[in-house]
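Structure below is data_12.pdb: PDB, C-alpha atoms, pLDDT in the B column.
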```
MODEL        1
ATOM      1  CA  MET Y   1       9.108  11.764 -73.336  1.00 50.00           C
ATOM      2  CA  GLU Y   2      10.960  14.405 -75.391  1.00 52.00           C
ATOM      3  CA  PRO Y   3       9.348  15.863 -78.445  1.00 54.00           C
ATOM      4  CA  THR Y   4      10.613  14.308 -81.677  1.00 53.00           C
ATOM      5  CA  GLU Y   5      12.100  17.559 -83.007  1.00 54.00           C
ATOM      6  CA  GLU Y   6      14.103  18.182 -79.798  1.00 54.00           C
ATOM      7  CA  ARG Y   7      15.344  14.593 -79.685  1.00 50.00           C
ATOM      8  CA  GLY Y   8      16.394  14.722 -83.365  1.00 47.00           C
ATOM      9  CA  THR Y   9      18.385  17.919 -82.803  1.00 48.00           C
ATOM     10  CA  LYS Y  10      20.145  16.384 -79.793  1.00 51.00           C
ATOM     11  CA  ILE Y  11      21.218  13.260 -81.732  1.00 48.00           C
ATOM     12  CA  CYS Y  12      22.356  15.273 -84.780  1.00 47.00           C
ATOM     13  CA  GLY Y  13      24.302  17.639 -82.511  1.00 52.00           C
ATOM     14  CA  GLU Y  14      26.268  14.688 -81.089  1.00 56.00           C
ATOM     15  CA  LEU Y  15      26.823  12.987 -84.443  1.00 58.00           C
ATOM     16  CA  PRO Y  16      29.633  15.241 -85.755  1.00 71.00           C
ATOM     17  CA  GLN Y  17      31.724  14.672 -82.615  1.00 69.00           C
ATOM     18  CA  GLY Y  18      31.485  10.906 -83.057  1.00 68.00           C
ATOM     19  CA  ILE Y  19      32.340  11.141 -86.741  1.00 75.00           C
ATOM     20  CA  LEU Y  20      35.332  13.378 -85.977  1.00 71.00           C
ATOM     21  CA  ALA Y  21      36.590  10.955 -83.333  1.00 69.00           C
ATOM     22  CA  CYS Y  22      36.244   8.009 -85.757  1.00 62.00           C
ATOM     23  CA  CYS Y  23      37.984   9.905 -88.573  1.00 66.00           C
ATOM     24  CA  GLY Y  24      40.775  10.952 -86.213  1.00 67.00           C
ATOM     25  CA  PHE Y  25      41.322   7.372 -85.068  1.00 63.00           C
ATOM     26  CA  LEU Y  26      41.317   6.025 -88.629  1.00 61.00           C
ATOM     27  CA  THR Y  27      43.773   8.745 -89.718  1.00 65.00           C
ATOM     28  CA  PHE Y  28      46.072   7.781 -86.826  1.00 62.00           C
ATOM     29  CA  ILE Y  29      45.971   4.097 -87.837  1.00 58.00           C
ATOM     30  CA  VAL Y  30      46.681   4.930 -91.508  1.00 57.00           C
ATOM     31  CA  LEU Y  31      49.610   7.241 -90.686  1.00 57.00           C
ATOM     32  CA  MET Y  32      51.138   4.786 -88.243  1.00 52.00           C
ATOM     33  CA  SER Y  33      50.759   1.892 -90.681  1.00 52.00           C
ATOM     34  CA  VAL Y  34      52.124   3.761 -93.686  1.00 50.00           C
ATOM     35  CA  SER Y  35      55.060   5.000 -91.618  1.00 48.00           C
ATOM     36  CA  SER Y  36      56.278   1.438 -91.108  1.00 45.00           C
ATOM     37  CA  GLY Y  37      56.379   0.695 -94.821  1.00 48.00           C
ATOM     38  CA  GLY Y  38      52.968  -0.871 -95.205  1.00 47.00           C
ATOM     39  CA  TRP Y  39      49.886  -2.137 -93.428  1.00 44.00           C
ATOM     40  CA  HIS Y  40      51.585  -4.803 -91.323  1.00 49.00           C
ATOM     41  CA  LEU Y  41      50.446  -4.611 -87.691  1.00 48.00           C
ATOM     42  CA  SER Y  42      52.172  -6.934 -85.226  1.00 46.00           C
ATOM     43  CA  PHE Y  43      50.499  -8.201 -82.068  1.00 43.00           C
ATOM     44  CA  LYS Y  44      53.304 -10.659 -81.274  1.00 51.00           C
ATOM     45  CA  ALA Y  45      56.832 -10.371 -82.643  1.00 55.00           C
ATOM     46  CA  GLY Y  46      59.298 -13.188 -83.189  1.00 60.00           C
ATOM     47  CA  THR Y  47      59.624 -16.412 -85.141  1.00 61.00           C
ATOM     48  CA  THR Y  48      59.876 -20.151 -84.559  1.00 62.00           C
ATOM     49  CA  ALA Y  49      62.946 -22.241 -83.730  1.00 66.00           C
ATOM     50  CA  GLU Y  50      62.372 -24.234 -86.946  1.00 66.00           C
ATOM     51  CA  ARG Y  51      63.122 -21.092 -89.009  1.00 62.00           C
ATOM     52  CA  CYS Y  52      66.454 -20.548 -87.214  1.00 69.00           C
ATOM     53  CA  SER Y  53      69.195 -22.390 -89.047  1.00 65.00           C
ATOM     54  CA  GLN Y  54      72.132 -20.818 -87.169  1.00 62.00           C
ATOM     55  CA  HIS Y  55      70.890 -20.933 -83.585  1.00 59.00           C
ATOM     56  CA  SER Y  56      73.994 -21.456 -81.480  1.00 64.00           C
ATOM     57  CA  HIS Y  57      74.014 -18.733 -78.876  1.00 69.00           C
ATOM     58  CA  SER Y  58      75.852 -18.602 -75.553  1.00 75.00           C
ATOM     59  CA  ASN Y  59      72.592 -17.759 -73.752  1.00 82.00           C
ATOM     60  CA  PRO Y  60      69.832 -19.903 -75.333  1.00 83.00           C
ATOM     61  CA  ALA Y  61      67.130 -18.723 -72.905  1.00 86.00           C
ATOM     62  CA  LEU Y  62      67.769 -15.044 -73.691  1.00 89.00           C
ATOM     63  CA  PHE Y  63      67.971 -15.805 -77.428  1.00 85.00           C
ATOM     64  CA  GLU Y  64      64.600 -17.558 -77.297  1.00 85.00           C
ATOM     65  CA  GLU Y  65      62.969 -14.799 -75.222  1.00 87.00           C
ATOM     66  CA  VAL Y  66      64.168 -11.963 -77.463  1.00 86.00           C
ATOM     67  CA  CYS Y  67      64.607 -13.278 -81.026  1.00 83.00           C
ATOM     68  CA  LEU Y  68      61.955 -15.970 -81.059  1.00 85.00           C
ATOM     69  CA  ASN Y  69      59.378 -14.459 -78.672  1.00 85.00           C
ATOM     70  CA  GLY Y  70      59.820 -10.731 -79.396  1.00 83.00           C
ATOM     71  CA  GLY Y  71      61.217  -9.674 -76.024  1.00 86.00           C
ATOM     72  CA  THR Y  72      63.886  -7.105 -75.168  1.00 89.00           C
ATOM     73  CA  GLU Y  73      67.257  -7.706 -73.557  1.00 93.00           C
ATOM     74  CA  GLN Y  74      68.349  -5.486 -70.680  1.00 94.00           C
ATOM     75  CA  PRO Y  75      70.265  -2.357 -71.758  1.00 94.00           C
ATOM     76  CA  HIS Y  76      74.077  -2.307 -71.414  1.00 94.00           C
ATOM     77  CA  THR Y  77      74.251  -6.122 -71.276  1.00 93.00           C
ATOM     78  CA  SER Y  78      75.293  -6.915 -74.861  1.00 92.00           C
ATOM     79  CA  PRO Y  79      79.006  -7.069 -75.664  1.00 90.00           C
ATOM     80  CA  LEU Y  80      78.096  -5.808 -79.169  1.00 91.00           C
ATOM     81  CA  ASP Y  81      77.004  -2.477 -77.677  1.00 89.00           C
ATOM     82  CA  LYS Y  82      80.643  -1.630 -77.012  1.00 88.00           C
ATOM     83  CA  ILE Y  83      82.180  -2.681 -80.363  1.00 86.00           C
ATOM     84  CA  TYR Y  84      82.597   0.087 -82.946  1.00 87.00           C
ATOM     85  CA  ASN Y  85      84.341  -1.196 -86.073  1.00 85.00           C
ATOM     86  CA  THR Y  86      84.138   0.547 -89.422  1.00 85.00           C
ATOM     87  CA  THR Y  87      84.395  -2.668 -91.433  1.00 89.00           C
ATOM     88  CA  GLY Y  88      82.443  -5.893 -91.384  1.00 92.00           C
ATOM     89  CA  THR Y  89      78.771  -6.655 -91.038  1.00 93.00           C
ATOM     90  CA  TYR Y  90      76.270  -7.619 -88.375  1.00 94.00           C
ATOM     91  CA  ARG Y  91      74.315 -10.748 -89.244  1.00 93.00           C
ATOM     92  CA  CYS Y  92      71.067 -12.202 -87.944  1.00 93.00           C
ATOM     93  CA  ALA Y  93      71.982 -14.591 -85.120  1.00 90.00           C
ATOM     94  CA  CYS Y  94      69.044 -16.776 -86.138  1.00 89.00           C
ATOM     95  CA  CYS Y  95      69.650 -17.368 -89.857  1.00 90.00           C
ATOM     96  CA  GLY Y  96      72.966 -15.651 -90.695  1.00 91.00           C
ATOM     97  CA  GLU Y  97      71.509 -13.035 -93.073  1.00 92.00           C
ATOM     98  CA  SER Y  98      73.573  -9.813 -93.387  1.00 94.00           C
ATOM     99  CA  LEU Y  99      71.557  -6.989 -91.796  1.00 95.00           C
ATOM    100  CA  PHE Y 100      73.679  -3.966 -90.820  1.00 95.00           C
ATOM    101  CA  PRO Y 101      77.027  -2.683 -92.116  1.00 93.00           C
ATOM    102  CA  ALA Y 102      79.458  -1.962 -89.271  1.00 93.00           C
ATOM    103  CA  ALA Y 103      80.077   1.493 -90.795  1.00 92.00           C
ATOM    104  CA  THR Y 104      76.519   2.575 -89.852  1.00 93.00           C
ATOM    105  CA  LYS Y 105      76.867   1.711 -86.159  1.00 94.00           C
ATOM    106  CA  PHE Y 106      76.966   4.563 -83.636  1.00 95.00           C
ATOM    107  CA  ASP Y 107      76.859   5.086 -79.875  1.00 93.00           C
ATOM    108  CA  SER Y 108      73.302   6.172 -79.103  1.00 93.00           C
ATOM    109  CA  GLY Y 109      73.809   6.047 -75.346  1.00 92.00           C
ATOM    110  CA  THR Y 110      70.741   3.789 -74.979  1.00 93.00           C
ATOM    111  CA  GLY Y 111      72.592   0.612 -74.045  1.00 93.00           C
ATOM    112  CA  TRP Y 112      71.656  -1.288 -77.213  1.00 94.00           C
ATOM    113  CA  PRO Y 113      73.624  -1.582 -80.456  1.00 96.00           C
ATOM    114  CA  SER Y 114      72.366   1.197 -82.754  1.00 96.00           C
ATOM    115  CA  TYR Y 115      72.678   1.714 -86.511  1.00 95.00           C
ATOM    116  CA  TRP Y 116      71.544   4.500 -88.820  1.00 93.00           C
ATOM    117  CA  ALA Y 117      70.948   2.301 -91.919  1.00 91.00           C
ATOM    118  CA  PRO Y 118      70.526  -1.387 -92.789  1.00 93.00           C
ATOM    119  CA  VAL Y 119      72.265  -3.216 -95.643  1.00 90.00           C
ATOM    120  CA  GLU Y 120      71.552  -2.269 -99.250  1.00 83.00           C
ATOM    121  CA  GLU Y 121      69.240  -5.169-100.107  1.00 77.00           C
ATOM    122  CA  ASP Y 122      65.736  -5.371 -98.675  1.00 83.00           C
ATOM    123  CA  LYS Y 123      66.644  -7.590 -95.684  1.00 89.00           C
ATOM    124  CA  ILE Y 124      64.793  -5.780 -92.874  1.00 90.00           C
ATOM    125  CA  GLY Y 125      61.042  -6.066 -92.357  1.00 86.00           C
ATOM    126  CA  TYR Y 126      58.973  -3.358 -90.659  1.00 84.00           C
ATOM    127  CA  SER Y 127      55.719  -3.592 -88.726  1.00 79.00           C
ATOM    128  CA  LYS Y 128      53.780  -1.576 -86.186  1.00 72.00           C
ATOM    129  CA  ASP Y 129      54.206  -3.142 -82.759  1.00 62.00           C
ATOM    130  CA  VAL Y 130      50.732  -2.780 -81.247  1.00 60.00           C
ATOM    131  CA  PRO Y 131      51.694  -3.847 -77.676  1.00 51.00           C
ATOM    132  CA  GLY Y 132      54.737  -1.522 -77.986  1.00 50.00           C
ATOM    133  CA  LEU Y 133      52.480   1.538 -78.373  1.00 54.00           C
ATOM    134  CA  PHE Y 134      52.769   1.455 -82.183  1.00 61.00           C
ATOM    135  CA  ALA Y 135      56.567   1.609 -82.206  1.00 74.00           C
ATOM    136  CA  THR Y 136      58.040   0.451 -85.521  1.00 83.00           C
ATOM    137  CA  GLU Y 137      59.366  -3.063 -84.987  1.00 85.00           C
ATOM    138  CA  VAL Y 138      62.172  -4.353 -87.208  1.00 88.00           C
ATOM    139  CA  TYR Y 139      62.674  -8.033 -87.962  1.00 91.00           C
ATOM    140  CA  CYS Y 140      64.792 -10.212 -90.235  1.00 92.00           C
ATOM    141  CA  LYS Y 141      62.845 -10.766 -93.458  1.00 90.00           C
ATOM    142  CA  ALA Y 142      64.580 -14.091 -94.095  1.00 89.00           C
ATOM    143  CA  CYS Y 143      63.557 -15.858 -90.870  1.00 90.00           C
ATOM    144  CA  GLY Y 144      61.204 -13.479 -89.038  1.00 89.00           C
ATOM    145  CA  ALA Y 145      63.402 -13.074 -85.938  1.00 91.00           C
ATOM    146  CA  HIS Y 146      62.581  -9.995 -83.863  1.00 91.00           C
ATOM    147  CA  LEU Y 147      65.524  -7.576 -83.913  1.00 94.00           C
ATOM    148  CA  GLY Y 148      64.315  -4.453 -82.121  1.00 92.00           C
ATOM    149  CA  HIS Y 149      62.764  -1.127 -83.153  1.00 89.00           C
ATOM    150  CA  VAL Y 150      63.589   1.886 -85.318  1.00 89.00           C
ATOM    151  CA  PHE Y 151      63.140   5.488 -84.169  1.00 88.00           C
ATOM    152  CA  ASP Y 152      63.478   8.877 -85.869  1.00 87.00           C
ATOM    153  CA  ASP Y 153      66.022  10.300 -83.398  1.00 88.00           C
ATOM    154  CA  GLY Y 154      69.201   8.804 -84.851  1.00 88.00           C
ATOM    155  CA  LYS Y 155      72.261   9.972 -86.751  1.00 88.00           C
ATOM    156  CA  GLY Y 156      73.825   9.560 -90.165  1.00 87.00           C
ATOM    157  CA  GLU Y 157      72.184  10.231 -93.507  1.00 87.00           C
ATOM    158  CA  THR Y 158      68.835   8.704 -92.530  1.00 87.00           C
ATOM    159  CA  GLY Y 159      68.396  10.326 -89.121  1.00 90.00           C
ATOM    160  CA  TYR Y 160      67.113   6.965 -87.863  1.00 91.00           C
ATOM    161  CA  ARG Y 161      68.199   4.856 -84.904  1.00 93.00           C
ATOM    162  CA  TYR Y 162      67.794   1.135 -85.445  1.00 94.00           C
ATOM    163  CA  CYS Y 163      67.873   0.059 -81.786  1.00 94.00           C
ATOM    164  CA  ILE Y 164      68.732  -3.644 -81.995  1.00 96.00           C
ATOM    165  CA  ASN Y 165      68.970  -6.329 -79.336  1.00 95.00           C
ATOM    166  CA  GLY Y 166      72.578  -7.553 -79.350  1.00 94.00           C
ATOM    167  CA  VAL Y 167      71.521 -11.150 -78.714  1.00 93.00           C
ATOM    168  CA  CYS Y 168      69.878 -11.111 -82.157  1.00 92.00           C
ATOM    169  CA  LEU Y 169      73.127 -10.224 -83.961  1.00 94.00           C
ATOM    170  CA  ALA Y 170      76.480 -11.809 -84.765  1.00 92.00           C
ATOM    171  CA  TYR Y 171      79.452  -9.715 -85.881  1.00 93.00           C
ATOM    172  CA  ASP Y 172      81.310 -10.881 -89.007  1.00 91.00           C
ATOM    173  CA  ALA Y 173      84.582  -9.011 -89.592  1.00 88.00           C
ATOM    174  CA  LEU Y 174      85.305 -10.792 -92.886  1.00 86.00           C
ATOM    175  CA  VAL Y 175      82.282  -9.668 -94.909  1.00 76.00           C
ATOM    176  CA  GLU Y 176      81.782  -6.100 -96.103  1.00 74.00           C
ATOM    177  CA  VAL Y 177      78.321  -5.044 -97.330  1.00 74.00           C
ATOM    178  CA  ARG Y 178      76.908  -1.811 -98.723  1.00 69.00           C
ATOM    179  CA  ARG Y 179      74.436   0.227 -96.734  1.00 68.00           C
ATOM    180  CA  ALA Y 180      70.982   1.116 -97.987  1.00 62.00           C
ATOM    181  CA  THR Y 181      70.779   4.442 -99.795  1.00 60.00           C
ATOM    182  CA  GLY Y 182      67.064   4.334-100.496  1.00 61.00           C
ATOM    183  CA  GLY Y 183      63.975   2.253 -99.926  1.00 62.00           C
ATOM    184  CA  ILE Y 184      63.948   2.841 -96.164  1.00 65.00           C
ATOM    185  CA  PRO Y 185      60.350   3.560 -95.146  1.00 64.00           C
ATOM    186  CA  TRP Y 186      59.382   6.762 -93.385  1.00 63.00           C
ATOM    187  CA  VAL Y 187      59.221   6.235 -89.625  1.00 65.00           C
ATOM    188  CA  ALA Y 188      56.945   8.487 -87.594  1.00 60.00           C
ATOM    189  CA  ASN Y 189      57.871   9.362 -84.049  1.00 59.00           C
ATOM    190  CA  ASN Y 190      55.596   6.950 -82.203  1.00 51.00           C
ATOM    191  CA  TYR Y 191      55.354   9.184 -79.141  1.00 48.00           C
ATOM    192  CA  LEU Y 192      53.321  11.929 -80.854  1.00 43.00           C
TER
ENDMDL
END
```
I need this file expressed as structure tokens, please.
Amino acid sequence: MEPTEERGTKICGELPQGILACCGFLTFIVLMSVSSGGWHLSFKAGTTAERCSQHSHSNPALFEEVCLNGGTEQPHTSPLDKIYNTTGTYRCACCGESLFPAATKFDSGTGWPSYWAPVEEDKIGYSKDVPGLFATEVYCKACGAHLGHVFDDGKGETGYRYCINGVCLAYDALVEVRRATGGIPWVANNYL
């Protein structure tokens, strides 16, 4: 059996490393949570079919997998990835809410429709996608439908890339909306 003084020194010598590891982990959680606009952590994205008032998609299985269950469509498969209009708006395919002005759309080369800013009103929700390695998930605040993720490697005035599943959007050429100029939460690069 070790003498009490030796054993006490050994435990106290290990204590600061454990405290530092705990503080580091807690700091990581706080930074990642604050960077998505609040403390919302998501373990499963999506919504329910009951909350979708406009569900009439050409591929119901894909719509359900992505918008309702939080999945991701294959890149380069959405027809919306190849449309670049400067007028109009992109609406939530689930509830019809205006989400992105067409003027903020750009070709990111990723294979998904990408935007550098949402509409002016607070229509987009943000959460940390825990299964997605703490990526910042974006969803429609009106119905909860999963839209995609936002990254800090974009273009435009925000420098963000809202990487959105095309199956979750519907293009409306007749409605023009203003883009957000403020109130967009800070998004940390989730691959730090």
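Omitting Tyr115 (chain Y) and its sequence neighbours fewer than 5 positions away, and counting all atoms listed in the file, the residues within 9 Å are Phe100, Pro101, Ala102, Ala103, Thr104, Lys105, Phe106, Asp107, Ser108, Gly154, Lys155, Gly156, Tyr160, Arg161, Tyr162, Cys163 and Ile164 of chain Y.
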Using only C-alpha atoms, determine which residues lie at most 10 Å from Tyr139 (chain Y), disregarding the query and same-chain residues fewer than 5 positions distant; provide the list as a list of chain:residue names. Y:Ala45, Y:Gly46, Y:Thr47, Y:Cys67, Y:Gly70, Y:Cys92, Y:Leu99, Y:Lys123, Y:Ile124, Y:Gly125, Y:Tyr126, Y:Ser127, Y:Gly144, Y:Ala145, Y:His146, Y:Leu147, Y:Gly148, Y:His149, Y:Ile164, Y:Cys168
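Using only C-alpha atoms for every distance, the candidate list Y:Asn165, Y:Gly71, Y:Ala173, Y:Trp116 yields Y:Trp116 as the residue closest to Phe151 (chain Y).
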Could you state the separation of CA of Cys94 (chain Y) and CA of Ala142 (chain Y) in Å, given to one decimal place?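 Result for CA of Cys94 (chain Y) versus CA of Ala142 (chain Y): 9.5 Å, one decimal.
Distances from Y:Val177, Y:Ile83, Y:Ala93, Y:Ala117 to Glu64 (chain Y) were compared using only C-alpha atoms, and the smallest one belongs to Y:Ala93.
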What is the CA of Gly88 (chain Y)-CA of Val119 (chain Y) distance in Å, reported with one decimal?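 CA of Val119 (chain Y) lies at a distance of 11.4 Å from CA of Gly88 (chain Y).
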CA of Lys141 (chain Y) to CA of Glu121 (chain Y), straight-line distance in Å: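 One can read the CA of Glu121 (chain Y) to CA of Lys141 (chain Y) distance as 10.8 Å.
Between Thr158 (chain Y) and the candidates Y:Ala170, Y:Arg91, Y:Pro118, Y:Val138, the tightest atom-to-atom separation, counting all atoms listed in the file, involves Y:Pro118.
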For the structure provided, state which residues fall under the PyMOL selection byres ((chain Y and resi 111-113) around 6), and present them as a list in words.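 Evaluating the PyMOL selection byres ((chain Y and resi 111-113) around 6) on this file yields Pro75, His76, Asp81, Gly109, Thr110, Ser114 and Ile164 of chain Y.
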